[in-house]
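What follows is work-v7.pdb (PDB, C-alpha atoms).
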ATOM      1  CA  MET R  17       1.267   4.439 -54.745  1.00  0.00           C
ATOM      2  CA  SER R  18       3.669   7.288 -54.048  1.00  0.00           C
ATOM      3  CA  ASP R  19       5.639   7.355 -50.818  1.00  0.00           C
ATOM      4  CA  ALA R  20       3.964  10.736 -50.164  1.00  0.00           C
ATOM      5  CA  PHE R  21       0.856   8.788 -49.102  1.00  0.00           C
ATOM      6  CA  THR R  22       0.969   5.512 -47.160  1.00  0.00           C
ATOM      7  CA  THR R  23      -1.844   3.682 -45.421  1.00  0.00           C
ATOM      8  CA  ARG R  24      -2.211   0.645 -43.181  1.00  0.00           C
ATOM      9  CA  MET R  25      -5.173  -1.045 -41.515  1.00  0.00           C
ATOM     10  CA  LEU R  26      -4.945  -2.034 -37.849  1.00  0.00           C
ATOM     11  CA  HIS R  27      -7.151  -4.778 -36.444  1.00  0.00           C
ATOM     12  CA  VAL R  28      -8.134  -4.136 -32.842  1.00  0.00           C
ATOM     13  CA  SER R  29     -10.058  -6.522 -30.601  1.00  0.00           C
ATOM     14  CA  THR R  30     -12.096  -4.545 -28.081  1.00  0.00           C
ATOM     15  CA  GLY R  31     -13.838  -7.518 -26.486  1.00  0.00           C
ATOM     16  CA  THR R  32     -17.317  -7.513 -24.983  1.00  0.00           C
ATOM     17  CA  ARG R  33     -17.031  -4.437 -22.773  1.00  0.00           C
ATOM     18  CA  GLU R  34     -16.823  -0.712 -23.416  1.00  0.00           C
ATOM     19  CA  ARG R  35     -13.229   0.310 -23.947  1.00  0.00           C
ATOM     20  CA  VAL R  36     -10.830   3.113 -24.622  1.00  0.00           C
ATOM     21  CA  VAL R  37      -7.860   1.535 -26.433  1.00  0.00           C
ATOM     22  CA  ASP R  38      -4.581   3.460 -26.633  1.00  0.00           C
ATOM     23  CA  LEU R  39      -3.321   3.359 -30.246  1.00  0.00           C
ATOM     24  CA  THR R  40      -0.375   5.715 -29.751  1.00  0.00           C
ATOM     25  CA  ALA R  41       2.320   3.030 -29.963  1.00  0.00           C
ATOM     26  CA  ASP R  42       0.701   1.614 -33.137  1.00  0.00           C
ATOM     27  CA  CYS R  43       0.672   5.109 -34.668  1.00  0.00           C
ATOM     28  CA  GLU R  44       4.324   5.674 -33.753  1.00  0.00           C
ATOM     29  CA  GLU R  45       5.390   2.331 -35.213  1.00  0.00           C
ATOM     30  CA  PHE R  46       3.505   3.061 -38.431  1.00  0.00           C
ATOM     31  CA  LEU R  47       5.177   6.477 -38.699  1.00  0.00           C
ATOM     32  CA  ARG R  48       8.678   5.039 -38.180  1.00  0.00           C
ATOM     33  CA  GLN R  49       8.224   3.233 -41.487  1.00  0.00           C
ATOM     34  CA  ALA R  50       5.803   5.480 -43.377  1.00  0.00           C
ATOM     35  CA  ALA R  51       7.145   8.923 -42.487  1.00  0.00           C
ATOM     36  CA  ALA R  52      10.825   7.958 -42.374  1.00  0.00           C
ATOM     37  CA  GLY R  53      11.805  11.236 -40.720  1.00  0.00           C
ATOM     38  CA  ARG R  54       9.578  13.476 -42.844  1.00  0.00           C
ATOM     39  CA  ASP R  55       6.990  16.070 -41.858  1.00  0.00           C
ATOM     40  CA  GLY R  56       3.344  15.543 -42.733  1.00  0.00           C
ATOM     41  CA  LEU R  57      -0.036  14.538 -41.370  1.00  0.00           C
ATOM     42  CA  LEU R  58      -1.318  11.335 -39.796  1.00  0.00           C
ATOM     43  CA  ASN R  59      -5.000  10.613 -40.303  1.00  0.00           C
ATOM     44  CA  ILE R  60      -6.613   8.008 -38.064  1.00  0.00           C
ATOM     45  CA  PHE R  61     -10.021   6.759 -39.223  1.00  0.00           C
ATOM     46  CA  VAL R  62     -12.296   4.062 -37.823  1.00  0.00           C
ATOM     47  CA  PRO R  63     -14.750   2.850 -40.506  1.00  0.00           C
ATOM     48  CA  HIS R  64     -17.486   1.860 -38.064  1.00  0.00           C
ATOM     49  CA  ALA R  65     -20.814   3.523 -37.239  1.00  0.00           C
ATOM     50  CA  THR R  66     -20.378   2.919 -33.507  1.00  0.00           C
ATOM     51  CA  ALA R  67     -16.802   3.912 -32.582  1.00  0.00           C
ATOM     52  CA  GLY R  68     -14.659   7.025 -32.488  1.00  0.00           C
ATOM     53  CA  ILE R  69     -11.133   8.406 -32.160  1.00  0.00           C
ATOM     54  CA  ALA R  70     -10.151  10.635 -29.240  1.00  0.00           C
ATOM     55  CA  VAL R  71      -6.927  12.396 -28.288  1.00  0.00           C
ATOM     56  CA  ILE R  72      -6.886  12.265 -24.486  1.00  0.00           C
ATOM     57  CA  GLU R  73      -4.712  11.449 -21.497  1.00  0.00           C
ATOM     58  CA  THR R  74      -4.733   7.760 -20.568  1.00  0.00           C
ATOM     59  CA  GLY R  75      -3.604   5.794 -17.546  1.00  0.00           C
ATOM     60  CA  ALA R  76      -4.572   8.377 -14.906  1.00  0.00           C
ATOM     61  CA  GLY R  77      -8.298   7.688 -14.977  1.00  0.00           C
ATOM     62  CA  SER R  78      -9.256   9.959 -17.884  1.00  0.00           C
ATOM     63  CA  ASP R  79     -10.160   6.997 -20.076  1.00  0.00           C
ATOM     64  CA  ASP R  80     -12.607   5.750 -17.423  1.00  0.00           C
ATOM     65  CA  ASP R  81     -13.846   9.319 -16.941  1.00  0.00           C
ATOM     66  CA  LEU R  82     -14.556   9.533 -20.676  1.00  0.00           C
ATOM     67  CA  LEU R  83     -16.628   6.341 -20.568  1.00  0.00           C
ATOM     68  CA  ALA R  84     -18.490   7.653 -17.493  1.00  0.00           C
ATOM     69  CA  ALA R  85     -19.211  10.963 -19.260  1.00  0.00           C
ATOM     70  CA  LEU R  86     -20.496   9.088 -22.304  1.00  0.00           C
ATOM     71  CA  HIS R  87     -22.818   7.083 -20.025  1.00  0.00           C
ATOM     72  CA  THR R  88     -24.205  10.366 -18.699  1.00  0.00           C
ATOM     73  CA  LEU R  89     -24.617  11.888 -22.166  1.00  0.00           C
ATOM     74  CA  LEU R  90     -25.705   8.682 -23.893  1.00  0.00           C
ATOM     75  CA  PRO R  91     -27.411   6.347 -21.399  1.00  0.00           C
ATOM     76  CA  ALA R  92     -27.797   2.707 -22.411  1.00  0.00           C
ATOM     77  CA  ASP R  93     -31.569   2.606 -21.986  1.00  0.00           C
ATOM     78  CA  ASP R  94     -34.678   2.272 -24.142  1.00  0.00           C
ATOM     79  CA  ARG R  95     -34.975   5.919 -25.296  1.00  0.00           C
ATOM     80  CA  TRP R  96     -33.237   5.302 -28.640  1.00  0.00           C
ATOM     81  CA  GLN R  97     -35.099   4.812 -31.929  1.00  0.00           C
ATOM     82  CA  HIS R  98     -32.332   2.529 -33.214  1.00  0.00           C
ATOM     83  CA  ARG R  99     -33.197  -0.654 -31.320  1.00  0.00           C
ATOM     84  CA  HIS R 100     -31.385  -3.716 -32.691  1.00  0.00           C
ATOM     85  CA  GLY R 101     -28.545  -5.297 -30.699  1.00  0.00           C
ATOM     86  CA  SER R 102     -27.937  -5.031 -26.964  1.00  0.00           C
ATOM     87  CA  PRO R 103     -30.277  -2.918 -24.838  1.00  0.00           C
ATOM     88  CA  GLY R 104     -29.454   0.750 -25.412  1.00  0.00           C
ATOM     89  CA  HIS R 105     -27.395  -0.008 -28.520  1.00  0.00           C
ATOM     90  CA  GLY R 106     -28.933   2.992 -30.287  1.00  0.00           C
ATOM     91  CA  ARG R 107     -26.640   5.223 -28.221  1.00  0.00           C
ATOM     92  CA  ASP R 108     -23.628   3.543 -29.837  1.00  0.00           C
ATOM     93  CA  HIS R 109     -24.798   4.913 -33.180  1.00  0.00           C
ATOM     94  CA  VAL R 110     -24.911   8.446 -31.745  1.00  0.00           C
ATOM     95  CA  LEU R 111     -21.380   8.182 -30.289  1.00  0.00           C
ATOM     96  CA  PRO R 112     -19.547   9.280 -33.509  1.00  0.00           C
ATOM     97  CA  ALA R 113     -21.384  12.620 -33.392  1.00  0.00           C
ATOM     98  CA  ILE R 114     -19.651  13.281 -30.044  1.00  0.00           C
ATOM     99  CA  VAL R 115     -16.413  11.307 -30.471  1.00  0.00           C
ATOM    100  CA  PRO R 116     -15.712  11.594 -34.211  1.00  0.00           C
ATOM    101  CA  PRO R 117     -14.523   8.566 -36.196  1.00  0.00           C
ATOM    102  CA  HIS R 118     -11.350  10.382 -37.254  1.00  0.00           C
ATOM    103  CA  ALA R 119      -8.454  12.604 -36.195  1.00  0.00           C
ATOM    104  CA  THR R 120      -5.707  14.301 -38.205  1.00  0.00           C
ATOM    105  CA  LEU R 121      -2.494  15.032 -36.326  1.00  0.00           C
ATOM    106  CA  PRO R 122       0.814  16.718 -37.206  1.00  0.00           C
ATOM    107  CA  VAL R 123       3.939  14.681 -37.831  1.00  0.00           C
ATOM    108  CA  ILE R 124       7.254  16.514 -37.402  1.00  0.00           C
ATOM    109  CA  GLY R 125      10.511  14.831 -38.314  1.00  0.00           C
ATOM    110  CA  GLY R 126       8.729  11.491 -38.608  1.00  0.00           C
ATOM    111  CA  ARG R 127       7.291  11.680 -35.095  1.00  0.00           C
ATOM    112  CA  LEU R 128       3.739  12.219 -33.928  1.00  0.00           C
ATOM    113  CA  GLU R 129       3.465  15.719 -32.452  1.00  0.00           C
ATOM    114  CA  LEU R 130       1.398  15.151 -29.297  1.00  0.00           C
ATOM    115  CA  GLY R 131       1.298  17.079 -26.048  1.00  0.00           C
ATOM    116  CA  THR R 132       2.970  15.637 -22.962  1.00  0.00           C
ATOM    117  CA  TRP R 133      -0.056  13.699 -21.717  1.00  0.00           C
ATOM    118  CA  GLN R 134      -1.922  13.125 -24.996  1.00  0.00           C
ATOM    119  CA  SER R 135      -2.603   9.698 -26.472  1.00  0.00           C
ATOM    120  CA  VAL R 136      -4.487   8.590 -29.590  1.00  0.00           C
ATOM    121  CA  CYS R 137      -7.358   6.311 -28.574  1.00  0.00           C
ATOM    122  CA  LEU R 138     -10.104   4.203 -30.084  1.00  0.00           C
ATOM    123  CA  VAL R 139     -13.357   4.720 -28.160  1.00  0.00           C
ATOM    124  CA  ASP R 140     -15.724   1.768 -28.464  1.00  0.00           C
ATOM    125  CA  THR R 141     -18.987   1.536 -26.502  1.00  0.00           C
ATOM    126  CA  ASN R 142     -20.504  -1.162 -28.737  1.00  0.00           C
ATOM    127  CA  LYS R 143     -20.263  -4.468 -26.884  1.00  0.00           C
ATOM    128  CA  ASP R 144     -21.842  -6.274 -29.861  1.00  0.00           C
ATOM    129  CA  ASN R 145     -18.867  -5.729 -32.203  1.00  0.00           C
ATOM    130  CA  PRO R 146     -15.568  -6.845 -30.636  1.00  0.00           C
ATOM    131  CA  ASP R 147     -13.462  -6.568 -33.803  1.00  0.00           C
ATOM    132  CA  ARG R 148     -12.521  -3.120 -35.067  1.00  0.00           C
ATOM    133  CA  ARG R 149     -10.484  -1.793 -37.942  1.00  0.00           C
ATOM    134  CA  VAL R 150      -8.537   1.435 -37.732  1.00  0.00           C
ATOM    135  CA  ARG R 151      -6.976   2.981 -40.843  1.00  0.00           C
ATOM    136  CA  LEU R 152      -3.730   4.902 -40.389  1.00  0.00           C
ATOM    137  CA  SER R 153      -2.761   7.136 -43.313  1.00  0.00           C
ATOM    138  CA  PHE R 154       0.372   9.280 -43.596  1.00  0.00           C
ATOM    139  CA  LEU R 155       0.511  12.167 -46.026  1.00  0.00           C
ATOM    140  CA  GLY R 156       4.037  13.587 -46.295  1.00  0.00           C
TER     141      GLY R 156
END

Would it be possible to restate this file's structure as structure tokens?
Amino acid sequence: MSDAFTTRMLHVSTGTRERVVDLTADCEEFLRQAAAGRDGLLNIFVPHATAGIAVIETGAGSDDDLLAALHTLLPADDRWQHRHGSPGHGRDHVLPAIVPPHATLPVIGGRLELGTWQSVCLVDTNKDNPDRRVRLSFLG
């Protein structure tokens, strides 16, 4: 494969609770090797039907606020047609329509071009699947 396109799979353990996992450091490490100082695009993709990728502020409560907002929009109750798994699990399958399973971000000089308070995060509300994969792909 050409060095214009490089990809790597991350394995992320989210445990048995809803989580927002900051992947920014993983993305930066990947780009140090894959981009090697070049400009391009980083695509982050989670190949799961019940998780998403968000670019948000973390560490100041926004990650908890996001989970709280998702609880309001997608309550874990018995209204969902999709009924296997934990109670309310059907909402987890609706999550990617609100928090998409992908993001494409600019890379300038080999570095992720984020705003001051932005982080790249995996959003996982599915307590039934604690092991996630996240594909990082650099196109330079």

Tell me, counting all atoms listed in the file, for each residue of segment 17-104 of chain R within 7 Å of segment 126-141 of chain R, which pair of atoms is nearest and how far apart they are in Å to one decimal, in rows ordered by chain and increasing number, as CSV.
residue,atom,partner,partner_atom,distance
R:Glu34,CA,R:Thr141,CA,4.4
R:Arg35,CA,R:Asp140,CA,5.4
R:Val36,CA,R:Val139,CA,4.6
R:Val37,CA,R:Leu138,CA,5.0
R:Asp38,CA,R:Cys137,CA,4.4
R:Leu39,CA,R:Cys137,CA,5.3
R:Thr40,CA,R:Val136,CA,5.0
R:Glu44,CA,R:Leu128,CA,6.6
R:Leu47,CA,R:Gly126,CA,6.1
R:Arg48,CA,R:Gly126,CA,6.5
R:Ala51,CA,R:Gly126,CA,4.9
R:Ala52,CA,R:Gly126,CA,5.6
R:Gly53,CA,R:Gly126,CA,3.7
R:Arg54,CA,R:Gly126,CA,4.8
R:Asp55,CA,R:Gly126,CA,5.9
R:Thr66,CA,R:Asp140,CA,7.0
R:Ala67,CA,R:Asp140,CA,4.8
R:Gly68,CA,R:Val139,CA,5.1
R:Ile69,CA,R:Leu138,CA,4.8
R:Ala70,CA,R:Cys137,CA,5.2
R:Val71,CA,R:Val136,CA,4.7
R:Ile72,CA,R:Gln134,CA,5.1
R:Glu73,CA,R:Gln134,CA,4.8
R:Thr74,CA,R:Ser135,CA,6.6

Run the PyMOL selection byres ((chain R and resi 28) around 8) on the file and write out the hits as a list of chain:residue names. R:Leu26, R:His27, R:Ser29, R:Thr30, R:Asp147, R:Arg148, R:Arg149, R:Val150

Here atom CA of Phe154 of chain R and atom CA of Thr22 of chain R stand apart by 5.2 Å

Using all atoms listed in the file, can you tell me which of R:Gly56, R:Arg99, R:Thr32, R:Val123 comes closest to Asn142 of chain R?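 Closest residue, counting all atoms listed in the file: R:Thr32.
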
Using only C-alpha atoms: which of R:Ala50, R:Leu111, R:Ala65, R:Cys43 has the shortest distance to Leu83 of chain R: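 Ranked by minimum distance to Leu83 of chain R, first place goes to R:Leu111.
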
Once the PyMOL selection byres ((chain R and resi 102) around 12) has been applied to the shown file, what residues remain in the selection, as an MDAnalysis selection string? chainID R and resid 32:33 92:94 96 98:101 103:108 141:145

Between atom CA of Pro112 of chain R and atom CA of Leu89 of chain R, measure the distance and give it in Å to one decimal. 12.7 Å

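Our summary of the geometry notes that atom CA of Asp42 of chain R is positioned 24.7 Å from atom CA of Ala113 of chain R.
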
Using all atoms listed in the file: which of R:Asn59, R:Gln97, R:Leu82, R:Ser153 has the shortest distance to Ile114 of chain R: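 Checking each candidate against Ile114 of chain R, we get R:Leu82 as the closest.
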
Given all atoms listed in the file as the counted atoms, nearest of R:Ala41, R:Ile124, R:Ala20, R:Val115 to Phe61 of chain R: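 Distance minimum relative to Phe61 of chain R lands on R:Val115.
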
List the residues selected by the PyMOL selection byres ((chain R and resi 119) around 6) in the file shown, writing them as a CSV table (one decimal) with C-alpha atoms, in the coordinates of the input.
chain,number,residue,atom,x,y,z
R,59,ASN,CA,-5.0,10.6,-40.3
R,60,ILE,CA,-6.6,8.0,-38.1
R,118,HIS,CA,-11.4,10.4,-37.3
R,120,THR,CA,-5.7,14.3,-38.2
